[in-house]
$ cat run.tsv   # TSV, C-alpha atoms
chain	number	residue	atom	x	y	z
A	258	MET	CA	89.53	103.20	80.23
A	259	LEU	CA	88.42	106.77	79.47
A	260	ARG	CA	89.11	106.15	75.76
A	261	GLN	CA	86.94	103.05	75.90
A	262	ILE	CA	84.10	105.04	77.49
A	263	ALA	CA	84.34	107.71	74.79
A	264	LEU	CA	83.86	104.96	72.20
A	265	LEU	CA	80.77	103.43	73.81
A	266	PRO	CA	77.63	103.81	71.69
A	267	PRO	CA	74.76	105.43	73.62
A	268	SER	CA	72.44	102.45	73.26
A	269	LEU	CA	74.70	99.56	74.29
A	270	PRO	CA	73.69	98.04	77.63
A	271	CYS	CA	76.85	97.11	79.53
A	272	LEU	CA	78.60	97.03	82.87
A	273	MET	CA	82.03	98.57	83.25
A	274	ILE	CA	83.96	97.37	86.29
A	275	ILE	CA	86.83	99.55	87.50
A	276	ARG	CA	89.52	97.22	88.79
A	277	GLU	CA	92.69	99.10	89.76
A	278	LYS	CA	94.05	97.18	92.71
A	279	HIS	CA	97.26	99.19	92.93
A	280	LEU	CA	95.53	102.53	93.63
A	281	ASP	CA	95.04	103.94	97.11
A	282	ALA	CA	91.46	104.68	98.13
A	283	ALA	CA	91.69	108.45	97.61
A	284	THR	CA	93.00	108.06	94.04
A	285	LEU	CA	90.52	105.30	93.25
A	286	LEU	CA	87.64	107.46	94.47
A	287	ASP	CA	88.75	110.30	92.15
A	288	LEU	CA	88.99	107.87	89.22
A	289	CYS	CA	85.51	106.47	89.96
A	290	VAL	CA	83.98	109.96	90.05
A	291	THR	CA	85.65	110.83	86.72
A	292	VAL	CA	84.58	107.61	85.01
A	293	LYS	CA	81.02	107.94	86.28
A	294	SER	CA	80.70	111.48	84.92
A	295	ARG	CA	82.26	110.56	81.54
A	296	ALA	CA	79.85	107.63	81.23
A	297	ALA	CA	76.81	109.90	81.47
A	298	GLY	CA	74.70	109.53	78.35
A	299	THR	CA	75.92	106.01	77.59
A	300	GLY	CA	74.16	102.75	78.42
A	301	ALA	CA	77.03	101.77	80.71
A	302	LYS	CA	76.59	101.09	84.39
A	303	ILE	CA	79.81	101.82	86.30
A	304	LEU	CA	80.94	99.57	89.12
A	305	VAL	CA	84.11	99.36	91.18
A	306	ASN	CA	85.84	96.19	92.24
A	307	GLU	CA	85.91	95.17	95.94
A	308	ARG	CA	85.14	98.50	97.66
A	309	ALA	CA	81.46	99.11	98.41
A	310	ASP	CA	82.45	102.20	100.40
A	311	ILE	CA	84.15	103.78	97.40
A	312	ALA	CA	81.24	102.79	95.14
A	313	ALA	CA	78.82	104.53	97.50
A	314	ALA	CA	81.04	107.60	97.97
A	315	ALA	CA	81.36	108.01	94.18
A	316	ALA	CA	77.62	107.37	93.65
A	317	LEU	CA	78.44	104.53	91.23
A	318	ASP	CA	75.90	102.03	89.97
A	319	GLY	CA	77.37	99.19	91.97
A	320	VAL	CA	80.18	97.18	93.49
A	321	HIS	CA	81.74	94.01	92.09
A	322	LEU	CA	83.00	91.50	94.64
A	323	GLN	CA	85.41	88.58	94.44
A	324	GLU	CA	85.16	85.20	96.16
A	325	SER	CA	87.75	86.63	98.60
A	326	SER	CA	85.76	89.82	99.28
A	327	CYS	CA	83.65	90.73	102.29
A	328	PRO	CA	80.43	88.65	102.08
A	329	ALA	CA	77.82	90.55	100.05
A	330	ASP	CA	75.07	90.19	102.67
A	331	LYS	CA	77.22	92.03	105.23
A	332	LEU	CA	77.36	95.07	102.94
A	333	ARG	CA	73.60	95.50	102.77
A	334	SER	CA	73.48	98.75	104.74
A	335	LEU	CA	76.09	100.33	102.45
A	336	LYS	CA	74.57	99.01	99.27
A	337	GLY	CA	71.39	101.08	99.13
A	338	ALA	CA	70.11	100.95	95.57
A	339	MET	CA	73.47	99.84	94.18
A	340	LEU	CA	73.98	96.65	92.19
A	341	THR	CA	76.11	93.99	93.83
A	342	GLY	CA	77.79	91.35	91.70
A	343	LYS	CA	80.30	88.66	92.40
A	344	SER	CA	82.93	86.67	90.51
A	345	THR	CA	82.57	82.94	91.12
A	346	HIS	CA	84.72	80.06	89.97
A	347	SER	CA	82.55	77.01	90.70
A	348	PRO	CA	78.84	76.13	90.79
A	349	ASP	CA	79.01	75.86	94.63
A	350	SER	CA	80.51	79.31	94.94
A	351	ALA	CA	77.85	80.65	92.57
A	352	MET	CA	75.11	79.27	94.83
A	353	ARG	CA	76.72	80.79	97.92
A	354	ALA	CA	76.87	84.16	96.20
A	355	VAL	CA	73.17	83.92	95.36
A	356	ASP	CA	72.44	83.14	99.03
A	357	GLU	CA	74.31	86.34	99.92
A	358	GLY	CA	71.83	88.21	97.75
A	359	VAL	CA	73.93	89.34	94.78
A	360	ASP	CA	72.19	90.89	91.78
A	361	TYR	CA	74.33	89.22	89.11
A	362	LEU	CA	77.17	86.73	88.81
A	363	VAL	CA	80.32	86.54	86.76
A	364	PHE	CA	81.17	82.87	86.21
A	365	GLY	CA	84.37	81.37	84.88
A	366	PRO	CA	86.90	80.83	83.57
A	367	VAL	CA	84.68	79.26	80.93
A	368	PHE	CA	87.51	78.86	78.42
A	369	ASP	CA	91.27	78.71	78.92
A	370	THR	CA	92.99	82.08	79.26
A	371	PRO	CA	96.39	82.98	80.75
A	372	SER	CA	95.01	85.73	83.02
A	373	LYS	CA	92.53	83.35	84.71
A	374	ARG	CA	94.70	80.21	85.17
A	375	ARG	CA	95.09	81.01	88.86
A	376	PHE	CA	91.37	80.25	89.24
A	377	GLY	CA	91.90	76.64	88.12
A	378	SER	CA	91.09	74.73	84.98
A	379	PRO	CA	88.35	76.08	82.70
A	380	GLN	CA	84.80	75.39	83.89
A	381	GLY	CA	83.54	74.88	80.32
A	382	THR	CA	80.13	75.70	78.87
A	383	GLU	CA	78.47	72.72	80.57
A	384	LYS	CA	79.09	74.05	84.08
A	385	LEU	CA	78.14	77.49	82.81
A	386	HIS	CA	74.87	75.98	81.67
A	387	VAL	CA	74.32	74.32	85.08
A	388	VAL	CA	74.89	77.62	86.87
A	389	CYS	CA	72.70	79.63	84.48
A	390	ARG	CA	69.90	77.10	84.88
A	391	THR	CA	70.18	77.04	88.70
A	392	VAL	CA	70.60	80.66	89.77
A	393	PRO	CA	67.84	83.27	89.60
A	394	VAL	CA	70.17	86.14	88.62
A	395	PRO	CA	71.88	87.10	85.35
A	396	VAL	CA	75.18	85.30	84.73
A	397	PHE	CA	78.06	86.79	82.75
A	398	ALA	CA	80.54	84.30	81.27
A	399	ILE	CA	84.23	85.20	81.69
A	400	GLY	CA	87.56	83.65	80.69
A	401	GLY	CA	88.82	83.32	77.14
A	402	ILE	CA	85.71	84.89	75.65
A	403	SER	CA	85.90	85.86	71.97
A	404	PRO	CA	83.37	86.84	69.32
A	405	GLU	CA	83.75	83.25	68.10
A	406	ASN	CA	82.62	81.59	71.33
A	407	ALA	CA	80.29	84.27	72.77
A	408	ALA	CA	77.32	82.60	71.04
A	409	LEU	CA	78.14	79.32	72.84
A	410	CYS	CA	77.92	81.16	76.18
A	411	ARG	CA	74.63	82.70	75.16
A	412	SER	CA	73.26	79.24	74.19
A	413	ALA	CA	74.40	77.93	77.57
A	414	GLY	CA	72.13	80.50	79.18
A	415	ALA	CA	74.55	83.33	79.92
A	416	HIS	CA	72.98	86.76	80.12
A	417	GLY	CA	76.18	88.31	78.80
A	418	ILE	CA	79.93	88.01	78.63
A	419	ALA	CA	82.75	89.69	80.55
A	420	ALA	CA	86.31	90.23	79.38
A	421	ILE	CA	89.41	92.28	80.05
A	422	SER	CA	92.09	91.85	77.37
A	423	LEU	CA	89.51	91.34	74.61
A	424	PHE	CA	88.72	95.06	74.89
A	425	ASN	CA	92.30	96.33	75.16
A	426	ASP	CA	92.80	97.25	71.50
A	427	THR	CA	90.77	100.46	71.25
A	428	SER	CA	91.27	100.63	67.45
A	429	LYS	CA	89.06	97.54	67.11
A	430	PHE	CA	86.77	98.43	70.03
A	431	PRO	CA	83.76	99.96	68.18
A	432	GLU	CA	83.63	97.15	65.63
A	433	LEU	CA	84.03	94.51	68.36
A	434	LEU	CA	81.16	95.98	70.36
A	435	LYS	CA	78.91	95.88	67.29
A	436	THR	CA	79.78	92.23	66.72
A	437	LEU	CA	79.16	91.31	70.36
A	438	GLU	CA	75.92	93.28	70.49
A	439	TYR	CA	74.74	91.38	67.40
A	440	ILE	CA	75.62	88.02	68.97
A	441	LEU	CA	74.27	88.74	72.46
A	442	VAL	CA	71.28	91.00	71.95
A	443	ARG	CA	69.73	89.68	68.73
B	44	MET	CA	83.22	107.81	123.28
B	45	ILE	CA	86.99	108.53	123.23
B	46	PRO	CA	88.33	107.78	126.72
B	47	SER	CA	88.71	110.96	128.77
B	48	THR	CA	91.97	109.86	130.40
B	49	PRO	CA	95.16	108.86	128.54
B	50	PHE	CA	94.58	105.54	126.78
B	51	LEU	CA	96.42	102.89	124.82
B	52	CYS	CA	95.51	102.02	121.23
B	53	TYR	CA	96.96	98.86	119.72
B	54	ILE	CA	97.21	98.85	115.93
B	55	THR	CA	97.50	95.41	114.38
B	56	ASP	CA	100.16	94.74	111.80
B	57	GLU	CA	101.02	91.70	109.71
B	58	SER	CA	102.05	89.85	112.90
B	59	LEU	CA	100.11	86.67	113.46
B	60	PRO	CA	98.08	85.33	115.11
B	61	MET	CA	96.22	88.59	114.55
B	62	VAL	CA	93.30	87.98	116.89
B	63	GLU	CA	95.40	86.48	119.69
B	64	ILE	CA	97.72	89.50	119.85
B	65	ALA	CA	94.70	91.82	119.90
B	66	ARG	CA	93.19	89.74	122.71
B	67	GLN	CA	96.36	90.07	124.76
B	68	ALA	CA	96.54	93.81	124.12
B	69	LEU	CA	92.98	94.10	125.48
B	70	GLU	CA	93.81	91.92	128.50
B	71	GLY	CA	96.76	94.21	129.12
B	72	GLY	CA	94.38	97.19	129.23
B	73	ALA	CA	94.31	98.66	125.71
B	74	LEU	CA	91.11	100.67	125.29
B	75	MET	CA	91.20	100.87	121.50
B	76	ILE	CA	92.13	98.32	118.83
B	77	GLN	CA	92.65	99.43	115.26
B	78	LEU	CA	92.50	96.67	112.65
B	79	ARG	CA	95.08	97.54	110.04
B	80	ASN	CA	96.31	95.14	107.40
B	81	LYS	CA	97.06	96.33	103.91
B	82	THR	CA	97.46	92.91	102.27
B	83	ALA	CA	94.59	90.76	103.55
B	84	SER	CA	91.51	90.02	101.44
B	85	GLY	CA	88.18	91.68	102.21
B	86	GLU	CA	86.78	88.40	103.50
B	87	GLN	CA	89.75	87.84	105.82
B	88	LEU	CA	89.51	91.41	107.13
B	89	TYR	CA	85.81	90.95	107.77
B	90	ARG	CA	86.41	87.69	109.73
B	91	TRP	CA	89.12	89.34	111.84
B	92	ALA	CA	86.89	92.38	112.36
B	93	GLU	CA	84.05	90.22	113.66
B	94	GLU	CA	86.30	88.43	116.15
B	95	ILE	CA	88.18	91.49	117.37
B	96	GLN	CA	84.98	93.52	117.62
B	97	ALA	CA	83.52	90.83	119.93
B	98	LEU	CA	86.66	90.91	122.09
B	99	CYS	CA	86.54	94.71	122.27
B	100	ARG	CA	82.92	94.58	123.45
B	101	LEU	CA	83.94	92.10	126.15
B	102	HIS	CA	86.68	94.44	127.36
B	103	GLN	CA	84.64	97.62	126.82
B	104	ALA	CA	87.22	98.86	124.36
B	105	LEU	CA	86.71	100.66	121.06
B	106	PHE	CA	87.12	98.83	117.77
B	107	ILE	CA	88.32	100.84	114.78
B	108	VAL	CA	89.01	99.70	111.21
B	109	ASN	CA	91.81	101.30	109.22
B	110	ASP	CA	91.02	102.57	105.71
B	111	ARG	CA	88.15	100.17	104.89
B	112	VAL	CA	84.88	101.98	105.66
B	113	ASP	CA	83.06	99.04	104.02
B	114	ILE	CA	84.56	96.53	106.48
B	115	ALA	CA	83.89	98.87	109.41
B	116	ILE	CA	80.21	99.18	108.53
B	117	ALA	CA	79.86	95.46	107.70
B	118	SER	CA	81.32	94.45	111.06
B	119	GLY	CA	79.58	97.10	113.16
B	120	ALA	CA	82.86	98.65	114.25
B	121	ASP	CA	82.89	101.72	116.48
B	122	GLY	CA	84.67	103.70	113.82
B	123	VAL	CA	87.23	104.13	111.08
B	124	HIS	CA	90.76	105.45	110.95
B	125	LEU	CA	91.88	107.12	107.74
B	126	GLY	CA	95.33	107.94	106.42
B	127	GLN	CA	95.90	110.88	104.11
B	128	GLN	CA	95.75	108.50	101.07
B	129	ASP	CA	92.50	106.84	102.17
B	130	LEU	CA	88.94	107.99	101.52
B	131	PRO	CA	88.60	111.72	102.32
B	132	ALA	CA	87.13	112.30	105.79
B	133	PRO	CA	83.92	114.04	104.56
B	134	ALA	CA	83.11	111.07	102.28
B	135	ALA	CA	83.75	108.63	105.10
B	136	ARG	CA	81.65	110.66	107.54
B	137	LYS	CA	78.76	110.66	105.10
B	138	LEU	CA	78.86	106.86	104.86
B	139	LEU	CA	79.38	106.33	108.60
B	140	GLY	CA	76.73	108.72	109.86
B	141	PRO	CA	77.20	111.13	112.76
B	142	ASP	CA	77.64	108.61	115.59
B	143	LYS	CA	80.63	106.52	114.51
B	144	LEU	CA	84.15	107.54	115.43
B	145	LEU	CA	86.36	108.97	112.73
B	146	GLY	CA	90.10	109.21	113.25
B	147	VAL	CA	92.51	110.77	110.79
B	148	SER	CA	96.29	110.42	110.58
B	149	VAL	CA	97.98	113.82	110.48
B	150	SER	CA	101.58	114.94	110.52
B	151	SER	CA	101.15	118.71	110.86
B	152	SER	CA	98.99	121.33	112.59
B	153	ASP	CA	97.41	122.23	109.25
B	154	GLU	CA	96.35	118.65	108.62
B	155	ALA	CA	94.98	118.41	112.16
B	156	ALA	CA	92.88	121.56	111.71
B	157	ALA	CA	91.61	120.24	108.37
B	158	ALA	CA	90.70	116.89	109.95
B	159	GLU	CA	88.66	118.71	112.59
B	160	ARG	CA	86.83	120.77	109.94
B	161	ASN	CA	86.13	117.56	108.02
B	162	GLY	CA	84.37	115.85	110.90
B	163	ALA	CA	87.13	113.85	112.60
B	164	ASP	CA	86.69	112.85	116.25
B	165	TYR	CA	90.39	112.44	116.96
B	166	VAL	CA	93.69	112.67	115.15
B	167	GLY	CA	96.59	110.26	115.11
B	168	PHE	CA	99.70	112.44	115.16
B	169	GLY	CA	103.16	111.27	114.22
B	170	HIS	CA	105.48	109.80	113.74
B	171	ILE	CA	106.84	111.09	117.03
B	172	PHE	CA	109.93	108.88	117.38
B	173	PRO	CA	111.92	106.78	114.86
B	174	THR	CA	109.87	103.72	113.89
B	175	GLY	CA	110.38	100.61	111.84
B	176	SER	CA	106.71	99.62	111.54
B	177	LYS	CA	105.91	101.77	108.54
B	178	GLN	CA	108.08	103.07	105.71
B	179	LYS	CA	108.69	106.74	106.47
B	180	HIS	CA	110.29	109.31	104.21
B	181	THR	CA	110.37	112.11	106.74
B	182	ALA	CA	112.18	112.59	110.04
B	183	PRO	CA	110.34	111.99	113.33
B	184	ILE	CA	108.61	115.14	114.54
B	185	GLY	CA	109.46	114.72	118.23
B	186	PRO	CA	107.13	114.87	121.25
B	187	GLU	CA	107.28	118.70	121.53
B	188	ALA	CA	105.25	118.95	118.29
B	189	ILE	CA	102.22	117.56	120.14
B	190	ALA	CA	101.90	120.76	122.16
B	191	ALA	CA	101.94	122.77	118.93
B	192	VAL	CA	99.29	120.63	117.24
B	193	ARG	CA	97.08	120.95	120.30
B	194	THR	CA	96.93	124.69	119.74
B	195	ALA	CA	95.62	124.01	116.19
B	196	THR	CA	92.82	121.62	117.15
B	197	ASP	CA	90.49	120.83	120.03
B	198	LEU	CA	90.39	117.16	119.02
B	199	PRO	CA	92.08	114.50	121.14
B	200	VAL	CA	95.61	113.90	119.82
B	201	VAL	CA	96.79	110.30	119.81
B	202	ALA	CA	100.56	110.08	119.53
B	203	ILE	CA	102.00	107.41	117.24
B	204	GLY	CA	105.37	106.30	115.98
B	205	GLY	CA	108.14	104.57	117.89
B	206	ILE	CA	106.46	104.87	121.28
B	207	THR	CA	107.87	102.61	124.00
B	208	PRO	CA	107.46	102.32	127.79
B	209	GLN	CA	110.67	104.35	128.01
B	210	ASN	CA	109.56	107.38	125.99
B	211	ALA	CA	105.74	107.38	126.31
B	212	PHE	CA	105.75	109.89	129.20
B	213	LEU	CA	107.26	112.50	126.88
B	214	THR	CA	104.15	112.40	124.67
B	215	LEU	CA	101.85	112.71	127.69
B	216	GLU	CA	103.77	115.67	129.05
B	217	SER	CA	103.26	117.38	125.70
B	218	GLY	CA	99.50	116.83	125.92
B	219	ALA	CA	98.78	113.58	124.09
B	220	SER	CA	95.34	112.14	124.87
B	221	GLY	CA	96.52	108.66	124.10
B	222	ILE	CA	99.26	106.61	122.52
B	223	ALA	CA	99.05	104.20	119.60
B	224	VAL	CA	101.58	101.42	119.18
B	225	ILE	CA	102.22	98.52	116.85
B	226	ALA	CA	105.62	96.93	117.39
B	227	ALA	CA	105.84	97.74	121.12
B	228	ILE	CA	103.09	95.14	121.56
B	229	SER	CA	103.18	92.85	118.50
B	230	ARG	CA	106.95	92.33	118.49
B	231	SER	CA	107.32	91.91	122.23
B	232	GLY	CA	107.71	88.49	123.82
B	233	SER	CA	104.45	88.97	125.72
B	234	PRO	CA	101.93	91.33	124.11
B	235	ARG	CA	99.84	91.24	127.32
B	236	LYS	CA	102.73	92.35	129.54
B	237	ALA	CA	103.85	94.94	127.01
B	238	ALA	CA	100.35	96.45	126.91
B	239	ARG	CA	100.11	96.32	130.70
B	240	SER	CA	103.37	98.20	131.21
B	241	LEU	CA	102.24	100.94	128.81
B	242	VAL	CA	98.84	101.20	130.51
B	243	ASP	CA	100.48	101.35	133.96
B	244	LEU	CA	102.54	104.23	132.71
B	245	LEU	CA	99.47	106.04	131.34
B	246	GLU	CA	97.57	105.57	134.60
B	247	HIS	CA	100.55	106.59	136.69
B	248	HIS	CA	100.98	109.73	134.65
B	249	HIS	CA	97.32	110.59	134.99
$ encode --input "run.tsv" --output "structure tokens"
Amino acid sequence: MLRQIALLPPSLPCLMIIREKHLDAATLLDLCVTVKSRAAGTGAKILVNERADIAAAAALDGVHLQESSCPADKLRSLKGAMLTGKSTHSPDSAMRAVDEGVDYLVFGPVFDTPSKRRFGSPQGTEKLHVVCRTVPVPVFAIGGISPENAALCRSAGAHGIAAISLFNDTSKFPELLKTLEYILVR
Amino acid sequence: MIPSTPFLCYITDESLPMVEIARQALEGGALMIQLRNKTASGEQLYRWAEEIQALCRLHQALFIVNDRVDIAIASGADGVHLGQQDLPAPAARKLLGPDKLLGVSVSSSDEAAAAERNGADYVGFGHIFPTGSKQKHTAPIGPEAIAAVRTATDLPVVAIGGITPQNAFLTLESGASGIAVIAAISRSGSPRKAARSLVDLLEHHH
């Protein structure tokens, strides 16, 4: 993760979500503080998965919630100026998240991917389009995203894309970011 | 806010039904419930917190959430209880504000003194006796250690770890302000009766 941050170009607008479910809160807080300080001077906003308290304690840019997380509207007093986003796996769930007042949504899996099969069959770009058209917040497409299909997500109305394993190979990371920036930002 | 006479705290575990056992602990006279569950989702914790908080209000007992300051604030809990691997006490205090209760688990006088410096309102001290509720890598510290820790801190000391109706008086004689139990209530045939017998003992001792 720290290697990825070091490779981020200063201009690229992006969200980086720290998701380390195996860490205890004290260790996760330390990691969040480190990542936040290393990200200074980049265009990256740093968020942590699930824990609004840790996000606030580390002065991060936001918290990213799951469908199984504490409802976003109940975290309002902790949230302050932080961004709150939520992963959603159906149009209905996306609407509920909007009602809870989230600032952005991650929607998927759009395409088939092994890591997201537990969230059911792929939603496809049509449902992505429905969600993007319906909700008033930016939507990030997730699940099987590649440079080849990122443009399809963009055409369906997605504000951006989200991925995990796509970014794992740091040797290809800078080139990949350039490609994605070209597809998404042009 | 912490009861001034010896009190019973029931800490939930994975035993279900979570809310029903907490209800019975309150009916048996527990004055503090700590919601602790390391595997449940945030949404599930929040739902339990809402229900148990309402029951605690009804019984004029304190409701404390373990580890998750976010869930405590979301549910309007009376406070948070932190282990040594959870958020550091100063960070939690900053999020909670000055009025909420902050408890910290300690296993030595040094940790107790540090907890007090860091804004804790009470310490959970243990494990006093052998216990099967949590994986422990150290030997029980014994009830005599409570007297020693009381010289290191002015905070109320809540004894935890393997406490039963048979041995609870030993912790009180050493100066414990309260006792916290898991299995003595959750694994008993009747959580209400188990809580009642511990509370009787606390009141009798007082």
$ closest_atom_pairs --input "run.tsv" --of "stretch 70-129 of chain B" --to "stretch 144-168 of chain B" --cutoff "7 Å" --atoms "all atoms listed in the file" --output "JSON lines"
{"residue": "B:Asp121", "atom": "CA", "partner": "B:Leu144", "partner_atom": "CA", "distance": 6.0}
{"residue": "B:Gly122", "atom": "CA", "partner": "B:Leu144", "partner_atom": "CA", "distance": 4.2}
{"residue": "B:Val123", "atom": "CA", "partner": "B:Leu145", "partner_atom": "CA", "distance": 5.2}
{"residue": "B:His124", "atom": "CA", "partner": "B:Gly146", "partner_atom": "CA", "distance": 4.5}
{"residue": "B:Leu125", "atom": "CA", "partner": "B:Val147", "partner_atom": "CA", "distance": 4.8}
{"residue": "B:Gly126", "atom": "CA", "partner": "B:Ser148", "partner_atom": "CA", "distance": 4.9}
{"residue": "B:Gln127", "atom": "CA", "partner": "B:Ser148", "partner_atom": "CA", "distance": 6.5}
$ interface_residues --input "run.tsv" --of "chain B" --to "chain A" --cutoff "9 Å" --atoms "only C-alpha atoms" --output "number ranges by chain"
B: 84-90, 110-114, 116-118, 127-131, 134-135, 137-138
$ residues_near_point --input "run.tsv" --point "(86.5, 94.6, 88.5)" --cutoff "9 Å" --atoms "all atoms listed in the file" --output "VMD selection string"
chain A and resid 273 to 277 304 to 307 320 to 323 344
$ closest_residue --input "run.tsv" --among "A:Met339, A:Val394, A:Ala296, A:Val367" --to "A:Met352" --atoms "all atoms listed in the file"
A:Val394
$ atom_distance --input "run.tsv" --atom1 "atom CA of A:Ser268" --atom2 "atom CA of A:Ala301"
8.8 Å
$ atom_distance --input "run.tsv" --atom1 "atom CA of B:Ile222" --atom2 "atom CA of B:Gly140"
25.9 Å
